[in-house]
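Next comes my_file26.pdb, with PDB, C-alpha atoms.
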```pdb
ATOM      1  CA  TYR A1008       0.000   0.000   0.000
ATOM      2  CA  GLY A1009       0.996   3.606  -0.505
ATOM      3  CA  TYR A1010       0.607   6.179   2.253
ATOM      4  CA  GLU A1011      -2.897   7.259   1.164
ATOM      5  CA  GLU A1012      -4.179   3.661   1.236
ATOM      6  CA  VAL A1013      -2.526   2.734   4.516
ATOM      7  CA  LYS A1014      -3.854   5.737   6.395
ATOM      8  CA  GLN A1015      -7.400   4.461   5.884
ATOM      9  CA  ILE A1016      -6.640   1.402   8.030
ATOM     10  CA  MET A1017      -7.613   2.582  11.511
ATOM     11  CA  THR A1018      -6.778   0.710  14.678
ATOM     12  CA  LYS A1019      -6.460   0.852  18.466
ATOM     13  CA  ALA A1020      -2.911   1.856  19.386
ATOM     14  CA  LEU A1021      -1.017   1.983  22.677
ATOM     15  CA  ILE A1022       1.896   4.412  22.936
ATOM     16  CA  THR A1023       4.104   3.768  25.950
ATOM     17  CA  GLY A1024       5.586   6.926  27.429
ATOM     18  CA  ILE A1025       2.918   9.147  25.842
ATOM     19  CA  SER A1026       4.285  12.340  27.428
ATOM     20  CA  GLY A1027       7.672  12.065  25.737
ATOM     21  CA  PHE A1028       8.925  14.194  22.869
ATOM     22  CA  VAL A1029       8.565  11.666  20.040
ATOM     23  CA  ALA A1030       5.535   9.976  21.619
ATOM     24  CA  SER A1031       3.616  13.254  21.766
ATOM     25  CA  HIS A1032       4.194  13.848  18.052
ATOM     26  CA  LEU A1033       3.223  10.254  17.305
ATOM     27  CA  ALA A1034       0.003  10.684  19.287
ATOM     28  CA  ARG A1035      -0.944  13.725  17.204
ATOM     29  CA  HIS A1036      -0.231  11.863  13.982
ATOM     30  CA  LEU A1037      -2.263   8.814  15.004
ATOM     31  CA  LEU A1038      -5.179  11.031  15.964
ATOM     32  CA  GLU A1039      -4.964  12.752  12.577
ATOM     33  CA  MET A1040      -5.123   9.300  10.996
ATOM     34  CA  LYS A1041      -8.240   8.574  13.108
ATOM     35  CA  ASP A1042      -6.640   5.830  15.219
ATOM     36  CA  GLU A1043      -7.878   5.255  18.752
ATOM     37  CA  VAL A1044      -4.974   6.273  20.998
ATOM     38  CA  ILE A1045      -4.149   4.898  24.432
ATOM     39  CA  GLY A1046      -1.197   6.469  26.222
ATOM     40  CA  SER A1047       0.722   5.133  29.195
ATOM     41  CA  TYR A1048       2.233   7.466  31.774
ATOM     42  CA  ARG A1049       3.865   7.475  35.203
ATOM     43  CA  TRP A1050       2.516   9.665  37.980
ATOM     44  CA  GLN A1051       5.446  12.095  38.125
ATOM     45  CA  GLU A1052       5.633  12.829  34.395
ATOM     46  CA  ASP A1053       5.250  16.250  32.831
ATOM     47  CA  SER A1054       2.422  15.849  30.336
ATOM     48  CA  SER A1055       2.427  19.436  29.068
ATOM     49  CA  ARG A1056       3.387  18.329  25.544
ATOM     50  CA  ILE A1057      -0.006  16.649  25.129
ATOM     51  CA  ASP A1058      -2.195  19.074  27.105
ATOM     52  CA  GLU A1059      -4.238  20.166  24.101
ATOM     53  CA  ILE A1060      -4.930  16.582  22.918
ATOM     54  CA  LYS A1061      -5.176  14.775  26.249
ATOM     55  CA  ASP A1062      -8.971  14.716  26.115
ATOM     56  CA  LYS A1063      -8.723  12.673  22.898
ATOM     57  CA  ILE A1064      -6.389  10.061  24.437
ATOM     58  CA  LYS A1065      -7.234   7.298  26.877
ATOM     59  CA  MET A1066      -4.579   7.873  29.535
ATOM     60  CA  VAL A1067      -3.552   4.742  31.466
ATOM     61  CA  TYR A1068      -1.111   4.436  34.336
ATOM     62  CA  MET A1069       1.678   1.952  33.618
ATOM     63  CA  ASP A1070       5.216   1.518  34.875
ATOM     64  CA  LEU A1071       7.669  -0.672  32.967
ATOM     65  CA  ASN A1072       9.165  -1.778  36.270
ATOM     66  CA  ASP A1073       5.794  -3.065  37.513
ATOM     67  CA  GLN A1074       4.624  -6.208  35.716
ATOM     68  CA  ILE A1075       1.077  -6.099  37.101
ATOM     69  CA  SER A1076       0.463  -2.588  35.770
ATOM     70  CA  ILE A1077       1.558  -3.731  32.301
ATOM     71  CA  LEU A1078      -0.687  -6.806  32.398
ATOM     72  CA  ARG A1079      -3.614  -4.707  33.584
ATOM     73  CA  VAL A1080      -3.294  -2.199  30.745
ATOM     74  CA  LEU A1081      -2.890  -4.825  28.039
ATOM     75  CA  THR A1082      -5.622  -7.129  29.329
ATOM     76  CA  ILE A1083      -8.203  -4.357  29.677
ATOM     77  CA  ASN A1084      -7.422  -2.495  26.446
ATOM     78  CA  LYS A1085      -6.114  -5.156  24.030
ATOM     79  CA  PRO A1086      -4.330  -2.679  21.724
ATOM     80  CA  GLU A1087      -3.858  -3.936  18.183
ATOM     81  CA  HIS A1088      -0.697  -1.862  17.758
ATOM     82  CA  ILE A1089       1.862  -1.180  20.484
ATOM     83  CA  TYR A1090       4.427   1.577  19.969
ATOM     84  CA  HIS A1091       6.993   1.045  22.713
ATOM     85  CA  LEU A1092       8.711   4.411  23.211
ATOM     86  CA  ALA A1093       8.915   4.623  27.017
ATOM     87  CA  ALA A1094      12.513   4.663  28.274
ATOM     88  CA  GLU A1095      15.045   6.313  30.514
ATOM     89  CA  SER A1096      16.424   8.346  27.614
ATOM     90  CA  PHE A1097      18.680  11.092  29.002
ATOM     91  CA  VAL A1098      22.255   9.929  28.352
ATOM     92  CA  PRO A1099      24.016  12.024  31.072
ATOM     93  CA  TYR A1100      21.458  10.792  33.614
ATOM     94  CA  SER A1101      22.291   7.187  32.691
ATOM     95  CA  PHE A1102      25.787   7.628  34.129
ATOM     96  CA  GLU A1103      24.289   8.675  37.475
ATOM     97  CA  VAL A1104      21.672   5.899  37.692
ATOM     98  CA  PRO A1105      23.064   3.132  35.462
ATOM     99  CA  ILE A1106      21.171   0.232  37.030
ATOM    100  CA  GLN A1107      17.804   1.988  36.898
ATOM    101  CA  THR A1108      18.458   3.005  33.289
ATOM    102  CA  ILE A1109      19.331  -0.508  32.172
ATOM    103  CA  GLU A1110      16.485  -2.042  34.173
ATOM    104  CA  THR A1111      13.899   0.295  32.665
ATOM    105  CA  ASN A1112      15.157   0.051  29.108
ATOM    106  CA  THR A1113      16.006  -3.655  28.956
ATOM    107  CA  LEU A1114      13.935  -5.395  31.624
ATOM    108  CA  GLY A1115      11.054  -2.978  31.125
ATOM    109  CA  THR A1116      10.910  -3.970  27.462
ATOM    110  CA  ALA A1117      11.132  -7.658  28.376
ATOM    111  CA  ARG A1118       8.264  -7.210  30.870
ATOM    112  CA  LEU A1119       6.093  -5.609  28.206
ATOM    113  CA  LEU A1120       6.773  -8.376  25.694
ATOM    114  CA  GLU A1121       6.348 -11.071  28.316
ATOM    115  CA  ALA A1122       2.941  -9.610  29.198
ATOM    116  CA  VAL A1123       1.870  -9.838  25.545
ATOM    117  CA  ARG A1124       3.114 -13.426  25.376
ATOM    118  CA  PHE A1125       1.338 -14.350  28.617
ATOM    119  CA  ILE A1126      -2.000 -12.927  27.472
ATOM    120  CA  LYS A1127      -1.705 -14.626  24.088
ATOM    121  CA  GLU A1128      -0.764 -18.003  25.580
ATOM    122  CA  PHE A1129      -2.968 -18.172  28.679
ATOM    123  CA  ILE A1130      -5.818 -15.653  28.391
ATOM    124  CA  ASP A1131      -6.731 -14.901  24.774
ATOM    125  CA  LYS A1132      -5.147 -17.029  22.056
ATOM    126  CA  ASP A1133      -6.443 -14.635  19.387
ATOM    127  CA  TYR A1134      -4.561 -11.689  20.828
ATOM    128  CA  ASP A1135      -1.664 -10.995  18.458
ATOM    129  CA  PRO A1136      -0.759  -7.285  18.283
ATOM    130  CA  ARG A1137       1.864  -5.762  16.052
ATOM    131  CA  ILE A1138       4.597  -4.251  18.214
ATOM    132  CA  HIS A1139       7.145  -1.571  17.408
ATOM    133  CA  VAL A1140      10.144  -1.530  19.753
ATOM    134  CA  CYS A1141      11.964   1.765  19.358
ATOM    135  CA  SER A1142      15.733   1.507  19.798
ATOM    136  CA  SER A1143      18.433   4.066  19.081
ATOM    137  CA  SER A1144      21.458   4.843  16.950
ATOM    138  CA  GLU A1145      23.342   4.656  20.249
ATOM    139  CA  TYR A1146      23.154   0.893  19.576
ATOM    140  CA  TYR A1147      26.011   1.337  17.094
ATOM    141  CA  GLY A1148      28.062   3.667  19.267
ATOM    142  CA  LYS A1149      31.351   5.041  17.958
ATOM    143  CA  VAL A1150      32.042   3.937  14.401
ATOM    144  CA  ASP A1151      35.011   4.336  12.072
ATOM    145  CA  GLU A1152      34.886   6.623   9.059
ATOM    146  CA  ASN A1153      34.926   3.690   6.649
ATOM    147  CA  GLU A1154      31.700   2.358   8.237
ATOM    148  CA  ILE A1155      29.465   5.275   7.301
ATOM    149  CA  PRO A1156      26.730   5.472   6.295
ATOM    150  CA  ILE A1157      25.692   3.065   9.050
ATOM    151  CA  ASN A1158      23.414   0.219   8.006
ATOM    152  CA  GLU A1159      21.509  -2.283  10.124
ATOM    153  CA  ASN A1160      24.348  -4.839  10.021
ATOM    154  CA  ASN A1161      26.898  -2.562  11.675
ATOM    155  CA  GLU A1162      28.602  -3.836  14.811
ATOM    156  CA  VAL A1163      27.089  -3.056  18.220
ATOM    157  CA  ARG A1164      29.294  -0.798  20.374
ATOM    158  CA  PRO A1165      27.278   0.830  23.197
ATOM    159  CA  GLY A1166      29.043   3.876  24.609
ATOM    160  CA  ASN A1167      26.904   4.611  27.667
ATOM    161  CA  GLN A1168      24.422   2.910  29.984
ATOM    162  CA  TYR A1169      21.453   4.242  28.035
ATOM    163  CA  ALA A1170      22.865   2.490  24.967
ATOM    164  CA  VAL A1171      23.473  -0.706  26.957
ATOM    165  CA  GLY A1172      19.817  -0.673  27.973
ATOM    166  CA  LYS A1173      18.711  -0.120  24.383
ATOM    167  CA  VAL A1174      20.902  -2.969  23.111
ATOM    168  CA  GLY A1175      19.202  -5.200  25.675
ATOM    169  CA  ALA A1176      15.755  -4.014  24.577
ATOM    170  CA  ASP A1177      16.633  -4.611  20.934
ATOM    171  CA  SER A1178      17.852  -8.131  21.764
ATOM    172  CA  ALA A1179      14.773  -8.927  23.847
ATOM    173  CA  ALA A1180      12.552  -7.831  20.968
ATOM    174  CA  TYR A1181      14.375 -10.131  18.556
ATOM    175  CA  PHE A1182      14.148 -13.047  20.995
ATOM    176  CA  TYR A1183      10.394 -12.645  21.572
ATOM    177  CA  TYR A1184       9.874 -12.573  17.821
ATOM    178  CA  LYS A1185      12.089 -15.566  17.130
ATOM    179  CA  TYR A1186      11.095 -17.817  20.038
ATOM    180  CA  TYR A1187       7.470 -16.849  20.692
ATOM    181  CA  GLY A1188       6.462 -15.533  17.289
ATOM    182  CA  LEU A1189       5.369 -12.092  18.455
ATOM    183  CA  LYS A1190       4.934  -9.627  15.586
ATOM    184  CA  ILE A1191       7.737  -7.252  16.522
ATOM    185  CA  ILE A1192       9.410  -4.623  14.346
ATOM    186  CA  ARG A1193      12.527  -2.896  15.692
ATOM    187  CA  THR A1194      13.818   0.532  14.717
ATOM    188  CA  ARG A1195      17.049   2.382  15.444
ATOM    189  CA  PHE A1196      16.433   6.090  15.400
ATOM    190  CA  PHE A1197      19.249   8.508  14.482
ATOM    191  CA  THR A1198      19.423  12.238  15.303
ATOM    192  CA  HIS A1199      15.914  13.652  15.401
ATOM    193  CA  THR A1200      14.658  16.930  16.751
ATOM    194  CA  GLY A1201      12.016  19.607  16.344
ATOM    195  CA  TRP A1202       9.332  21.503  18.197
ATOM    196  CA  GLY A1203       8.913  20.362  21.806
ATOM    197  CA  ARG A1204      12.320  18.805  22.352
ATOM    198  CA  THR A1205      13.704  19.660  25.781
ATOM    199  CA  MET A1206      16.420  17.066  26.301
ATOM    200  CA  GLY A1207      19.898  18.532  26.741
ATOM    201  CA  SER A1208      21.121  17.631  23.255
ATOM    202  CA  ALA A1209      23.471  20.001  21.443
ATOM    203  CA  GLU A1210      20.872  21.800  19.324
ATOM    204  CA  VAL A1211      18.532  22.288  22.297
ATOM    205  CA  ASN A1212      21.378  23.568  24.457
ATOM    206  CA  PHE A1213      22.415  26.057  21.769
ATOM    207  CA  ALA A1214      18.826  27.168  21.116
ATOM    208  CA  ARG A1215      18.285  27.790  24.822
ATOM    209  CA  GLN A1216      21.472  29.876  25.012
ATOM    210  CA  ILE A1217      20.498  31.921  21.954
ATOM    211  CA  ALA A1218      17.016  32.526  23.355
ATOM    212  CA  LYS A1219      18.551  33.767  26.601
ATOM    213  CA  ILE A1220      21.007  35.995  24.731
ATOM    214  CA  GLU A1221      18.124  37.525  22.769
ATOM    215  CA  LYS A1222      16.307  38.300  26.040
ATOM    216  CA  GLY A1223      19.426  39.802  27.644
ATOM    217  CA  LEU A1224      19.658  36.960  30.167
ATOM    218  CA  GLN A1225      23.073  35.730  29.001
ATOM    219  CA  GLU A1226      26.155  37.401  27.573
ATOM    220  CA  PRO A1227      26.477  36.796  23.800
ATOM    221  CA  ILE A1228      28.794  33.815  24.165
ATOM    222  CA  ILE A1229      27.638  30.285  23.331
ATOM    223  CA  LYS A1230      29.419  27.589  25.332
ATOM    224  CA  HIS A1231      29.919  24.378  23.393
ATOM    225  CA  GLY A1232      31.624  20.986  23.383
ATOM    226  CA  ASN A1233      32.911  19.052  20.359
ATOM    227  CA  LEU A1234      31.674  20.809  17.220
ATOM    228  CA  HIS A1235      33.124  18.327  14.737
ATOM    229  CA  SER A1236      30.654  15.460  15.282
ATOM    230  CA  LEU A1237      28.821  14.641  12.060
ATOM    231  CA  ARG A1238      25.077  13.913  12.194
ATOM    232  CA  THR A1239      22.266  13.020   9.823
ATOM    233  CA  TRP A1240      19.464  15.385  10.865
ATOM    234  CA  ALA A1241      15.774  14.449  10.855
ATOM    235  CA  ASN A1242      12.587  16.151  11.932
ATOM    236  CA  VAL A1243      10.422  14.273  14.402
ATOM    237  CA  LYS A1244       7.336  14.928  12.245
ATOM    238  CA  ASP A1245       8.836  12.798   9.468
ATOM    239  CA  ALA A1246       9.933  10.108  11.893
ATOM    240  CA  VAL A1247       6.464   9.450  13.315
ATOM    241  CA  LYS A1248       5.095   9.009   9.800
ATOM    242  CA  ALA A1249       7.673   6.254   9.358
ATOM    243  CA  TYR A1250       6.537   4.686  12.646
ATOM    244  CA  TYR A1251       2.925   4.718  11.467
ATOM    245  CA  LEU A1252       3.755   2.965   8.205
ATOM    246  CA  LEU A1253       6.283   0.523   9.640
ATOM    247  CA  ILE A1254       3.982  -0.951  12.251
ATOM    248  CA  ARG A1255       1.596  -1.767   9.406
ATOM    249  CA  GLN A1256       3.994  -2.761   6.641
ATOM    250  CA  GLY A1257       7.273  -3.606   8.365
ATOM    251  CA  VAL A1258       8.375  -7.226   8.395
ATOM    252  CA  PRO A1259       8.214  -8.796  11.886
ATOM    253  CA  GLY A1260      11.667  -9.747  13.111
ATOM    254  CA  GLU A1261      13.380  -7.100  11.006
ATOM    255  CA  VAL A1262      15.154  -3.960  12.205
ATOM    256  CA  TYR A1263      15.099  -0.623  10.379
ATOM    257  CA  ASN A1264      17.273   2.460  10.684
ATOM    258  CA  ILE A1265      15.301   5.710  10.677
ATOM    259  CA  GLY A1266      16.913   9.056   9.964
ATOM    260  CA  GLY A1267      17.061  12.064   7.739
ATOM    261  CA  ILE A1268      18.861  12.770   4.484
ATOM    262  CA  VAL A1269      20.892  15.873   5.423
ATOM    263  CA  ASN A1270      24.360  15.517   6.962
ATOM    264  CA  LYS A1271      25.763  18.438   8.951
ATOM    265  CA  THR A1272      28.394  18.775  11.654
ATOM    266  CA  ILE A1273      27.391  20.182  15.016
ATOM    267  CA  GLU A1274      29.284  23.357  14.068
ATOM    268  CA  GLU A1275      27.395  23.728  10.786
ATOM    269  CA  MET A1276      24.128  23.310  12.664
ATOM    270  CA  LEU A1277      25.182  25.878  15.279
ATOM    271  CA  ASP A1278      26.318  28.401  12.669
ATOM    272  CA  TYR A1279      22.971  28.103  10.887
ATOM    273  CA  MET A1280      21.063  28.513  14.156
ATOM    274  CA  ILE A1281      23.100  31.624  15.015
ATOM    275  CA  SER A1282      22.304  33.050  11.561
ATOM    276  CA  LEU A1283      18.588  32.948  12.503
ATOM    277  CA  SER A1284      19.098  35.317  15.419
ATOM    278  CA  PRO A1285      18.936  39.126  15.266
ATOM    279  CA  MET A1286      21.994  38.947  17.570
ATOM    280  CA  LYS A1287      24.010  36.943  15.029
ATOM    281  CA  ASP A1288      26.724  39.596  14.568
ATOM    282  CA  LYS A1289      27.406  39.768  18.305
ATOM    283  CA  ILE A1290      27.350  36.076  19.241
ATOM    284  CA  LYS A1291      30.696  34.361  19.826
ATOM    285  CA  LYS A1292      31.487  30.680  20.398
ATOM    286  CA  GLU A1293      33.568  29.392  23.310
ATOM    287  CA  LEU A1294      34.696  25.846  24.107
ATOM    288  CA  ASP A1295      33.547  24.521  27.496
ATOM    289  CA  PRO A1296      35.647  21.432  28.374
ATOM    290  CA  SER A1297      32.877  20.171  30.670
ATOM    291  CA  LEU A1298      30.658  19.703  27.606
ATOM    292  CA  VAL A1299      33.147  17.411  25.851
ATOM    293  CA  ARG A1300      32.126  13.779  26.312
ATOM    294  CA  LYS A1301      34.730  11.258  27.421
ATOM    295  CA  MET A1302      33.479   8.907  24.682
ATOM    296  CA  ASP A1303      31.914  10.932  21.881
ATOM    297  CA  VAL A1304      29.800   9.232  19.249
ATOM    298  CA  ASN A1305      31.034  11.514  16.493
ATOM    299  CA  LEU A1306      29.877   9.862  13.252
ATOM    300  CA  GLN A1307      26.129   9.299  13.266
ATOM    301  CA  VAL A1308      25.500   9.128   9.538
ATOM    302  CA  VAL A1309      22.674   6.780   8.620
ATOM    303  CA  CYS A1310      21.807   4.561   5.678
ATOM    304  CA  ILE A1311      18.004   4.408   5.252
ATOM    305  CA  ASP A1312      17.954   2.200   2.149
ATOM    306  CA  LYS A1313      16.259  -0.701   3.948
ATOM    307  CA  ILE A1314      13.309   1.255   5.304
ATOM    308  CA  GLN A1315      12.805   2.939   1.935
ATOM    309  CA  ARG A1316      12.649  -0.477   0.264
ATOM    310  CA  THR A1317       9.941  -1.477   2.743
ATOM    311  CA  ILE A1318       7.596   1.515   3.003
ATOM    312  CA  ASP A1319       6.702   4.509   0.868
ATOM    313  CA  TRP A1320       8.506   7.075   3.002
ATOM    314  CA  THR A1321      11.051   9.847   2.497
ATOM    315  CA  PRO A1322      11.795  12.700   4.934
ATOM    316  CA  THR A1323      10.306  15.922   3.587
ATOM    317  CA  THR A1324      10.915  18.494   6.338
ATOM    318  CA  SER A1325      13.990  20.592   5.582
ATOM    319  CA  PHE A1326      16.991  20.927   7.865
ATOM    320  CA  GLU A1327      16.371  24.685   7.965
ATOM    321  CA  GLU A1328      12.764  24.317   9.129
ATOM    322  CA  THR A1329      13.820  21.735  11.706
ATOM    323  CA  ILE A1330      16.440  23.967  13.314
ATOM    324  CA  LEU A1331      14.070  26.948  13.266
ATOM    325  CA  ASP A1332      11.479  24.790  15.077
ATOM    326  CA  VAL A1333      14.015  23.990  17.794
ATOM    327  CA  LEU A1334      15.004  27.633  18.229
ATOM    328  CA  ASN A1335      11.438  28.941  18.242
ATOM    329  CA  TYR A1336      10.380  26.394  20.842
ATOM    330  CA  GLN A1337      13.158  27.502  23.193
ATOM    331  CA  ARG A1338      12.219  31.116  22.533
ATOM    332  CA  SER A1339       8.665  30.259  23.640
ATOM    333  CA  LEU A1340       9.978  28.912  26.953
ATOM    334  CA  ILE A1341      12.223  31.863  27.913
TER     335      ILE A1341
END
```
Show the structure stored in the file as structure tokens.
Amino acid sequence: YGYEEVKQIMTKALITGISGFVASHLARHLLEMKDEVIGSYRWQEDSSRIDEIKDKIKMVYMDLNDQISILRVLTINKPEHIYHLAAESFVPYSFEVPIQTIETNTLGTARLLEAVRFIKEFIDKDYDPRIHVCSSSEYYGKVDENEIPINENNEVRPGNQYAVGKVGADSAAYFYYKYYGLKIIRTRFFTHTGWGRTMGSAEVNFARQIAKIEKGLQEPIIKHGNLHSLRTWANVKDAVKAYYLLIRQGVPGEVYNIGGIVNKTIEEMLDYMISLSPMKDKIKKELDPSLVRKMDVNLQVVCIDKIQRTIDWTPTTSFEETILDVLNYQRSLI
């Protein structure tokens, strides 16, 4: 099916971690496609990203570290599609709470999949949802120049505890497909950003500094770490369209890289973002050694040939619009 045909196939979908950056965009897209959306959350989460659509979502409490809460949600709601996005996703935080990060990302995923298997085997033999387990480009870690663009067969080299947890989740998803026959599609998502992103990634950090400079809250100096890392940039709005199509047309057991088509270094991205500011002629850049990672994943250039052979999808949002979205969102918060 092409995109126009697929979008007519409506279904009941569970998004784990509904309040997250990508999940909130996915929720909007599914609602636009007329899917019934169920969203899981934890009590302490900030749900401001979905405030204006919350009344259209069935919000359900679920914690990946509590098996009973997972079983309750799945048994009561029986979602036909499960988009598993919930995770401990802040890389610096993973160094402070490594065990919690790995437990949530790996064991939490295993608990979710085990709950589906349990329901299918012991409660309702007809229950057989399609499941999308969202992993990360951090799976590949630091690669050599001769390995880019990175395809799905690249070696696994996790460089932080968040990545370790995602490797475990990826492996659990493959096992539950292979051994139990669950209909699981895995994805590894490369650099993605846009409106609503708050995580302390480079572009968000720079946008926040520029917004403060424009308001006179910071001197016109942008502190930065390594500017030479090369990234393939994608807009989250394009990514969730890929999610929507993949859960319908992706091949269970397979893994797909998702990313953009524009490659820019961190410095090129920063220079473009500065050019969007009325303060551009006054802003200077200054290296802050504390922002330089001990192990920097500096070549995140993706090959998306496989996903494009599988679904009718190509990123359409420009790099320029994406970076402007990031900057404008930070401006709205200052």
Find the nearest atom pair between each residue of range 1025-1076 of chain A and range 1094-1100 of chain A for residues within 12 Å, count only C-alpha atoms, give distances in Å to one decimal, sort rows by chain and ascending number, and present the table as JSON lines.
```
{"residue": "A:Ile1025", "atom": "CA", "partner": "A:Ala1094", "partner_atom": "CA", "distance": 10.9}
{"residue": "A:Ser1026", "atom": "CA", "partner": "A:Ala1094", "partner_atom": "CA", "distance": 11.3}
{"residue": "A:Gly1027", "atom": "CA", "partner": "A:Ala1094", "partner_atom": "CA", "distance": 9.2}
{"residue": "A:Phe1028", "atom": "CA", "partner": "A:Ser1096", "partner_atom": "CA", "distance": 10.6}
{"residue": "A:Val1029", "atom": "CA", "partner": "A:Ser1096", "partner_atom": "CA", "distance": 11.4}
{"residue": "A:Ala1030", "atom": "CA", "partner": "A:Ala1094", "partner_atom": "CA", "distance": 11.0}
{"residue": "A:Ser1047", "atom": "CA", "partner": "A:Ala1094", "partner_atom": "CA", "distance": 11.8}
{"residue": "A:Tyr1048", "atom": "CA", "partner": "A:Ala1094", "partner_atom": "CA", "distance": 11.2}
{"residue": "A:Arg1049", "atom": "CA", "partner": "A:Ala1094", "partner_atom": "CA", "distance": 11.4}
{"residue": "A:Asp1070", "atom": "CA", "partner": "A:Ala1094", "partner_atom": "CA", "distance": 10.3}
{"residue": "A:Leu1071", "atom": "CA", "partner": "A:Ala1094", "partner_atom": "CA", "distance": 8.6}
{"residue": "A:Asn1072", "atom": "CA", "partner": "A:Ala1094", "partner_atom": "CA", "distance": 10.8}
```
Write out, as a PDB file, in the frame of the given file, the residues just selected, with C-alpha atoms.
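The resulting file, selection15.pdb, is reproduced below:
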```
ATOM      1  CA  ILE A1025       2.918   9.147  25.842  1.00  0.00           C
ATOM      2  CA  SER A1026       4.285  12.340  27.428  1.00  0.00           C
ATOM      3  CA  GLY A1027       7.672  12.065  25.737  1.00  0.00           C
ATOM      4  CA  PHE A1028       8.925  14.194  22.869  1.00  0.00           C
ATOM      5  CA  VAL A1029       8.565  11.666  20.040  1.00  0.00           C
ATOM      6  CA  ALA A1030       5.535   9.976  21.619  1.00  0.00           C
ATOM      7  CA  SER A1047       0.722   5.133  29.195  1.00  0.00           C
ATOM      8  CA  TYR A1048       2.233   7.466  31.774  1.00  0.00           C
ATOM      9  CA  ARG A1049       3.865   7.475  35.203  1.00  0.00           C
ATOM     10  CA  ASP A1070       5.216   1.518  34.875  1.00  0.00           C
ATOM     11  CA  LEU A1071       7.669  -0.672  32.967  1.00  0.00           C
ATOM     12  CA  ASN A1072       9.165  -1.778  36.270  1.00  0.00           C
TER      13      ASN A1072
END
```
Within 10 Å of (28.2, 13.4, 15.2), in the coordinates the file gives, what residues turn up when you count all atoms listed in the file, written out as a PDB file with C-alpha atoms, in the frame of the given file?
```pdb
ATOM      1  CA  LYS A1149      31.351   5.041  17.958  1.00  0.00           C
ATOM      2  CA  THR A1198      19.423  12.238  15.303  1.00  0.00           C
ATOM      3  CA  ASN A1233      32.911  19.052  20.359  1.00  0.00           C
ATOM      4  CA  LEU A1234      31.674  20.809  17.220  1.00  0.00           C
ATOM      5  CA  HIS A1235      33.124  18.327  14.737  1.00  0.00           C
ATOM      6  CA  SER A1236      30.654  15.460  15.282  1.00  0.00           C
ATOM      7  CA  LEU A1237      28.821  14.641  12.060  1.00  0.00           C
ATOM      8  CA  ARG A1238      25.077  13.913  12.194  1.00  0.00           C
ATOM      9  CA  THR A1239      22.266  13.020   9.823  1.00  0.00           C
ATOM     10  CA  TRP A1240      19.464  15.385  10.865  1.00  0.00           C
ATOM     11  CA  ASN A1270      24.360  15.517   6.962  1.00  0.00           C
ATOM     12  CA  LYS A1271      25.763  18.438   8.951  1.00  0.00           C
ATOM     13  CA  THR A1272      28.394  18.775  11.654  1.00  0.00           C
ATOM     14  CA  ILE A1273      27.391  20.182  15.016  1.00  0.00           C
ATOM     15  CA  ASP A1303      31.914  10.932  21.881  1.00  0.00           C
ATOM     16  CA  VAL A1304      29.800   9.232  19.249  1.00  0.00           C
ATOM     17  CA  ASN A1305      31.034  11.514  16.493  1.00  0.00           C
ATOM     18  CA  LEU A1306      29.877   9.862  13.252  1.00  0.00           C
ATOM     19  CA  GLN A1307      26.129   9.299  13.266  1.00  0.00           C
ATOM     20  CA  VAL A1308      25.500   9.128   9.538  1.00  0.00           C
TER      21      VAL A1308
END
```
Determine the residue set returned by the PyMOL selection byres ((chain A and resi 1313) around 10) for the present structure, and present it as a short mmCIF file (atom, residue, chain, number, x, y, z; two decimals) with C-alpha atoms, in the frame of the given file.
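Contents of part01.cif, freshly written:
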```
data_model
loop_
_atom_site.label_atom_id
_atom_site.label_comp_id
_atom_site.auth_asym_id
_atom_site.auth_seq_id
_atom_site.Cartn_x
_atom_site.Cartn_y
_atom_site.Cartn_z
CA ASN A 1158 23.41 0.22 8.01
CA GLU A 1159 21.51 -2.28 10.12
CA GLU A 1261 13.38 -7.10 11.01
CA VAL A 1262 15.15 -3.96 12.20
CA TYR A 1263 15.10 -0.62 10.38
CA ASN A 1264 17.27 2.46 10.68
CA ILE A 1265 15.30 5.71 10.68
CA CYS A 1310 21.81 4.56 5.68
CA ILE A 1311 18.00 4.41 5.25
CA ASP A 1312 17.95 2.20 2.15
CA ILE A 1314 13.31 1.25 5.30
CA GLN A 1315 12.80 2.94 1.94
CA ARG A 1316 12.65 -0.48 0.26
CA THR A 1317 9.94 -1.48 2.74
CA ILE A 1318 7.60 1.52 3.00
#
```
Practice task
Rounded to one decimal place, report the CA of Phe1182 in chain A-CA of Ala1117 in chain A distance in Å.
Solution key: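 Going from CA of Phe1182 in chain A over to CA of Ala1117 in chain A covers 9.6 Å.
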Practice task
Record the distance separating CA of Gln1107 in chain A and CA of Val1171 in chain A, expressed in Å with one decimal.
Solution key: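 Result for CA of Gln1107 in chain A versus CA of Val1171 in chain A: 11.8 Å, one decimal.
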Practice task
Find, counting all atoms listed in the file, the residue in A:Leu1078, A:Ile1045, A:Thr1023, A:Asp1151 that gets nearest to Lys1065 in chain A.
Solution key: A:Ile1045
